[in-house]
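Engineer: Mind looking over this structure? Questions follow.
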Amino acid sequence: MEAIDVITAKRDGGELTGEQIRWVVDAYTRGAVAEEQMAALNMAVVWRGMTRAETSAWTQAMLDSGERLDFGGLDRPTTDKHSTGGVGDKITLPLTPTVAACGAAVPQLSGRGLGHTGGTLDKLESVPGWRADLSPEAMRVQLAEVGCAVCAAGPGLAPADRKLYALRDVTGTVESVPLIAASIMSKKLAEGTASLVLDVKVGSGAFMKDAASARELAETMVAIGTDHGVRTTALLTGMDTPLGRRVGNALEVAEAVEVLSGGGPSDVVELTVELAREMLRAAGLDGARDPAEALRDGSAMDAWRRMIAAQGGDPDAPLPEAAERRDILAPATGTLTRLDAYAVGVAARRLGAGRARKEDPVSAGAGVELHAKPGEEIRAGRPLFTLHTDDPARFDSAAEALSDSFAVDGPARGLPLVLDRIG
Ligand code: URA
């Protein structure tokens, strides 16, 4: 087979065969198809799209490029969640132990943050001693003993996606629903979960800014999961305003611990419980314990403490705090009607909580505390935000990102927490 034939077939609007897709993904991963040829094929896919059969075959080819974990021998069903990413989205932290406390095993491979969105591993690494690297065998032992593990995907999982994503990133070819869906699903299928719930975010702080494109992505990923024998459903959830009241690594861990203690912000609690119920349903455990009860009675907290300790962390150690704080005061009295997720995410990144480039370090203590959420009253001269950073030279650019991020009074146009369920 020749790469040029595959490229021109897609360029001209044809449907690629499974054999063509298997060949081109495999040959590219081995270095037998050139970077510029794969870039051209990706661009043809951006313009021409892919059918369900092509997208499933593309996912399978990326899956086949590496190992696939298998947790089939556990005494309980496996289930996982994937979020497409947002601002203040710390849901994995309380959700994973909550679902474990209700009887499922959660093998969660997570990533690091890039741009304005945070990453679960960066957040957990703010817990003193906690390590993201677990071998597949260590993961299996932890799932059997604790019921949940959150760790980094090893280099052996979907290596084709790793190489392809780096190419898409520099060739303007990330923005394609089938390529995004295949990329996410190849990694999730490789982790060996039997069921999967997708939290597809919609709004300014999300990858997908409008509900129609988020729905298309959700439907495509649900179809891929289903085609691969993994029971998959999706929730479309609002990301026009940050989740919770803290954005930043250790700040979000502290908020997650509040939720696991039976308190915490209502939106974080509600989405945690909603996604936990969805995961338990997907795992065939709908008659199991109620996740809200697991948060109230301390069993979710118990699973959290055991999960942190199993990965070398000290659940009792104080979390790191940033060296410097600055309040931003509310300019007026009234009802906060808008608080833009993207702007808050940019401010948190500028304070040091996130990365502009993959190789940048992150600060554990940096971030933004929100003193009000949309719908709440604010008073002129009282703190609206508190900025946390290790480097005071960062305050001004973070404050600038927030200057137009909110509105007082006027029409409120927020998205609901859960817009729809798919699958
Ligand atoms: N996240 C992924 O893992 N892959 C994409 O293509 C986009 C977002």
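Every chain in the structure tokens takes a letter, A first, then B, and so on in the order presented; its residues are numbered from 1, and the ligands are numbered from 1 following the presented order.
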As JSON, numbers by chain, please: all residues of range 24-178 of chain A that backbone DSSP puts in strand (DSSP E or B).
Structural biologist: {"A": [78, 80, 81, 82, 83, 105, 106, 107, 108, 109, 110, 114, 117, 148, 149, 150, 151, 152]}
Engineer: Store the residues of this selection in a file with N, CA, C and O atoms, as a PDB file, in the first residue's frame.
Structural biologist:
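See result31.pdb below for the written result:
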ATOM      1  N   THR A  78     -15.362  -3.162  36.644  1.00  0.00           N
ATOM      2  CA  THR A  78     -14.574  -1.944  36.471  1.00  0.00           C
ATOM      3  C   THR A  78     -15.403  -0.870  35.752  1.00  0.00           C
ATOM      4  O   THR A  78     -16.212  -1.180  34.869  1.00  0.00           O
ATOM      5  N   ASP A  80     -15.022   3.608  34.628  1.00  0.00           N
ATOM      6  CA  ASP A  80     -14.187   4.803  34.680  1.00  0.00           C
ATOM      7  C   ASP A  80     -14.950   5.989  34.111  1.00  0.00           C
ATOM      8  O   ASP A  80     -15.988   5.828  33.463  1.00  0.00           O
ATOM      9  N   LYS A  81     -14.403   7.173  34.355  1.00  0.00           N
ATOM     10  CA  LYS A  81     -14.953   8.418  33.820  1.00  0.00           C
ATOM     11  C   LYS A  81     -13.861   9.155  33.085  1.00  0.00           C
ATOM     12  O   LYS A  81     -12.699   9.111  33.498  1.00  0.00           O
ATOM     13  N   HIS A  82     -14.222   9.828  31.996  1.00  0.00           N
ATOM     14  CA  HIS A  82     -13.272  10.733  31.352  1.00  0.00           C
ATOM     15  C   HIS A  82     -13.944  12.082  31.171  1.00  0.00           C
ATOM     16  O   HIS A  82     -15.051  12.161  30.646  1.00  0.00           O
ATOM     17  N   SER A  83     -13.259  13.139  31.583  1.00  0.00           N
ATOM     18  CA  SER A  83     -13.777  14.489  31.344  1.00  0.00           C
ATOM     19  C   SER A  83     -12.980  15.114  30.220  1.00  0.00           C
ATOM     20  O   SER A  83     -11.754  14.958  30.157  1.00  0.00           O
ATOM     21  N   ALA A 105     -14.705  -1.081  40.806  1.00  0.00           N
ATOM     22  CA  ALA A 105     -13.268  -0.791  40.771  1.00  0.00           C
ATOM     23  C   ALA A 105     -13.032   0.263  39.690  1.00  0.00           C
ATOM     24  O   ALA A 105     -13.587   0.166  38.596  1.00  0.00           O
ATOM     25  N   VAL A 106     -12.215   1.276  40.019  1.00  0.00           N
ATOM     26  CA  VAL A 106     -12.003   2.392  39.083  1.00  0.00           C
ATOM     27  C   VAL A 106     -10.528   2.463  38.680  1.00  0.00           C
ATOM     28  O   VAL A 106      -9.688   2.942  39.449  1.00  0.00           O
ATOM     29  N   PRO A 107     -10.189   1.986  37.459  1.00  0.00           N
ATOM     30  CA  PRO A 107      -8.816   2.098  36.968  1.00  0.00           C
ATOM     31  C   PRO A 107      -8.684   3.364  36.133  1.00  0.00           C
ATOM     32  O   PRO A 107      -8.976   3.372  34.947  1.00  0.00           O
ATOM     33  N   GLN A 108      -8.249   4.441  36.751  1.00  0.00           N
ATOM     34  CA  GLN A 108      -8.285   5.737  36.056  1.00  0.00           C
ATOM     35  C   GLN A 108      -6.890   6.167  35.628  1.00  0.00           C
ATOM     36  O   GLN A 108      -6.021   6.415  36.470  1.00  0.00           O
ATOM     37  N   LEU A 109      -6.689   6.233  34.299  1.00  0.00           N
ATOM     38  CA  LEU A 109      -5.440   6.797  33.786  1.00  0.00           C
ATOM     39  C   LEU A 109      -5.707   8.251  33.455  1.00  0.00           C
ATOM     40  O   LEU A 109      -6.615   8.543  32.679  1.00  0.00           O
ATOM     41  N   SER A 110      -4.946   9.140  34.063  1.00  0.00           N
ATOM     42  CA  SER A 110      -5.220  10.574  33.908  1.00  0.00           C
ATOM     43  C   SER A 110      -4.051  11.280  33.265  1.00  0.00           C
ATOM     44  O   SER A 110      -2.985  10.705  33.099  1.00  0.00           O
ATOM     45  N   LEU A 114      -2.819  21.338  30.393  1.00  0.00           N
ATOM     46  CA  LEU A 114      -2.160  22.132  29.362  1.00  0.00           C
ATOM     47  C   LEU A 114      -3.091  23.299  29.054  1.00  0.00           C
ATOM     48  O   LEU A 114      -4.308  23.126  29.010  1.00  0.00           O
ATOM     49  N   THR A 117      -6.756  24.618  31.133  1.00  0.00           N
ATOM     50  CA  THR A 117      -7.408  23.564  31.919  1.00  0.00           C
ATOM     51  C   THR A 117      -6.385  22.857  32.811  1.00  0.00           C
ATOM     52  O   THR A 117      -5.217  22.729  32.460  1.00  0.00           O
ATOM     53  N   CYS A 148      -9.618   1.546  43.802  1.00  0.00           N
ATOM     54  CA  CYS A 148      -9.406   2.629  42.827  1.00  0.00           C
ATOM     55  C   CYS A 148      -7.931   2.988  42.743  1.00  0.00           C
ATOM     56  O   CYS A 148      -7.190   2.830  43.715  1.00  0.00           O
ATOM     57  N   ALA A 149      -7.550   3.460  41.551  1.00  0.00           N
ATOM     58  CA  ALA A 149      -6.181   3.937  41.330  1.00  0.00           C
ATOM     59  C   ALA A 149      -6.261   5.041  40.288  1.00  0.00           C
ATOM     60  O   ALA A 149      -6.957   4.906  39.281  1.00  0.00           O
ATOM     61  N   VAL A 150      -5.572   6.147  40.548  1.00  0.00           N
ATOM     62  CA  VAL A 150      -5.463   7.219  39.555  1.00  0.00           C
ATOM     63  C   VAL A 150      -3.985   7.332  39.232  1.00  0.00           C
ATOM     64  O   VAL A 150      -3.169   7.563  40.133  1.00  0.00           O
ATOM     65  N   CYS A 151      -3.609   7.108  37.986  1.00  0.00           N
ATOM     66  CA  CYS A 151      -2.178   7.149  37.674  1.00  0.00           C
ATOM     67  C   CYS A 151      -1.940   7.586  36.229  1.00  0.00           C
ATOM     68  O   CYS A 151      -2.884   7.769  35.460  1.00  0.00           O
ATOM     69  N   ALA A 152      -0.650   7.755  35.912  1.00  0.00           N
ATOM     70  CA  ALA A 152      -0.265   8.204  34.567  1.00  0.00           C
ATOM     71  C   ALA A 152      -0.299   7.033  33.600  1.00  0.00           C
ATOM     72  O   ALA A 152       0.027   5.907  33.975  1.00  0.00           O
TER      73      ALA A 152
END
Engineer: Neighbours of ligand 1 at 7 Å or closer, counting only C-alpha atoms and all ligand atoms: which residues, as a PyMOL selection string?
Structural biologist: chain A and resi 84+165+174+179-181+183-184
Engineer: Show which residues sit within 10 Å of range 290-301 of chain A, as a ChimeraX atom specification. Count only C-alpha atoms, and ignore same-chain residues fewer than 3 positions away.
Structural biologist: /A:94-102,256-263,269-270,272-277,280,286-287,304-307
Engineer: Could you save those same residues with C-alpha atoms as a CSV table (one decimal), in the first residue's frame?
Structural biologist:
chain,number,residue,atom,x,y,z
A,94,PRO,CA,-13.9,12.8,45.1
A,95,LEU,CA,-15.6,10.7,42.4
A,96,THR,CA,-13.1,7.9,42.1
A,97,PRO,CA,-13.1,6.9,45.8
A,98,THR,CA,-16.8,7.4,46.0
A,99,VAL,CA,-17.5,4.9,43.3
A,100,ALA,CA,-15.0,2.5,44.8
A,101,ALA,CA,-16.8,2.8,48.2
A,102,CYS,CA,-20.0,1.9,46.3
A,256,ALA,CA,-12.2,17.8,47.0
A,257,VAL,CA,-11.3,16.8,50.6
A,258,GLU,CA,-14.2,19.1,51.8
A,259,VAL,CA,-16.5,17.2,49.5
A,260,LEU,CA,-15.2,13.8,50.8
A,261,SER,CA,-15.9,15.1,54.3
A,262,GLY,CA,-19.5,15.6,53.5
A,263,GLY,CA,-19.3,19.4,52.7
A,269,VAL,CA,-21.1,17.6,45.2
A,270,GLU,CA,-24.0,17.4,42.7
A,272,THR,CA,-19.8,14.0,41.7
A,273,VAL,CA,-23.0,12.2,42.8
A,274,GLU,CA,-24.6,12.4,39.3
A,275,LEU,CA,-21.5,11.0,37.6
A,276,ALA,CA,-21.1,8.3,40.3
A,277,ARG,CA,-24.6,7.1,39.8
A,280,LEU,CA,-22.5,2.5,38.9
A,286,ASP,CA,-27.6,0.4,40.0
A,287,GLY,CA,-28.9,-1.3,43.1
A,304,TRP,CA,-9.6,8.3,49.3
A,305,ARG,CA,-7.2,8.0,52.3
A,306,ARG,CA,-6.3,4.4,51.3
A,307,MET,CA,-5.8,5.4,47.6
Engineer: Check the smallest atom-to-atom distance from each of A:Met208, A:Ala341, A:Leu167, A:Ala223 to Pro242 in chain A using only C-alpha atoms, then report the winner.
Structural biologist: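 Of A:Met208, A:Ala341, A:Leu167, A:Ala223, the one nearest Pro242 in chain A is A:Ala341, counting only C-alpha atoms.
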Engineer: Residues near range 126-128 of chain A, anyone? I mean within 6 Å using only C-alpha atoms, not counting same-chain ones fewer than 3 positions away, as a PyMOL selection string.
Structural biologist: chain A and resi 123+250+313+364
Engineer: Please dump the current selection as a tab-separated table (two decimals), in the first residue's frame; keep all heavy atoms.
Structural biologist:
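Okay, result-v5.tsv is ready:
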chain	number	residue	atom	x	y	z
A	123	LYS	N	-2.81	17.93	40.08
A	123	LYS	CA	-3.52	18.21	41.34
A	123	LYS	C	-3.07	17.21	42.41
A	123	LYS	O	-2.68	17.59	43.52
A	123	LYS	CB	-5.04	18.12	41.12
A	123	LYS	CG	-5.53	19.23	40.20
A	123	LYS	CD	-6.98	19.06	39.78
A	123	LYS	CE	-7.21	19.93	38.55
A	123	LYS	NZ	-8.55	19.95	38.04
A	250	ALA	N	-3.25	22.40	44.56
A	250	ALA	CA	-3.54	22.08	45.97
A	250	ALA	C	-4.87	22.69	46.41
A	250	ALA	O	-5.58	22.11	47.24
A	250	ALA	CB	-2.40	22.59	46.85
A	313	GLY	N	1.38	8.70	49.19
A	313	GLY	CA	1.02	10.02	49.70
A	313	GLY	C	0.62	9.97	51.17
A	313	GLY	O	0.28	8.91	51.70
A	364	ALA	N	2.36	24.05	42.97
A	364	ALA	CA	1.30	23.33	43.69
A	364	ALA	C	0.30	24.28	44.34
A	364	ALA	O	-0.89	24.03	44.37
A	364	ALA	CB	1.92	22.42	44.75
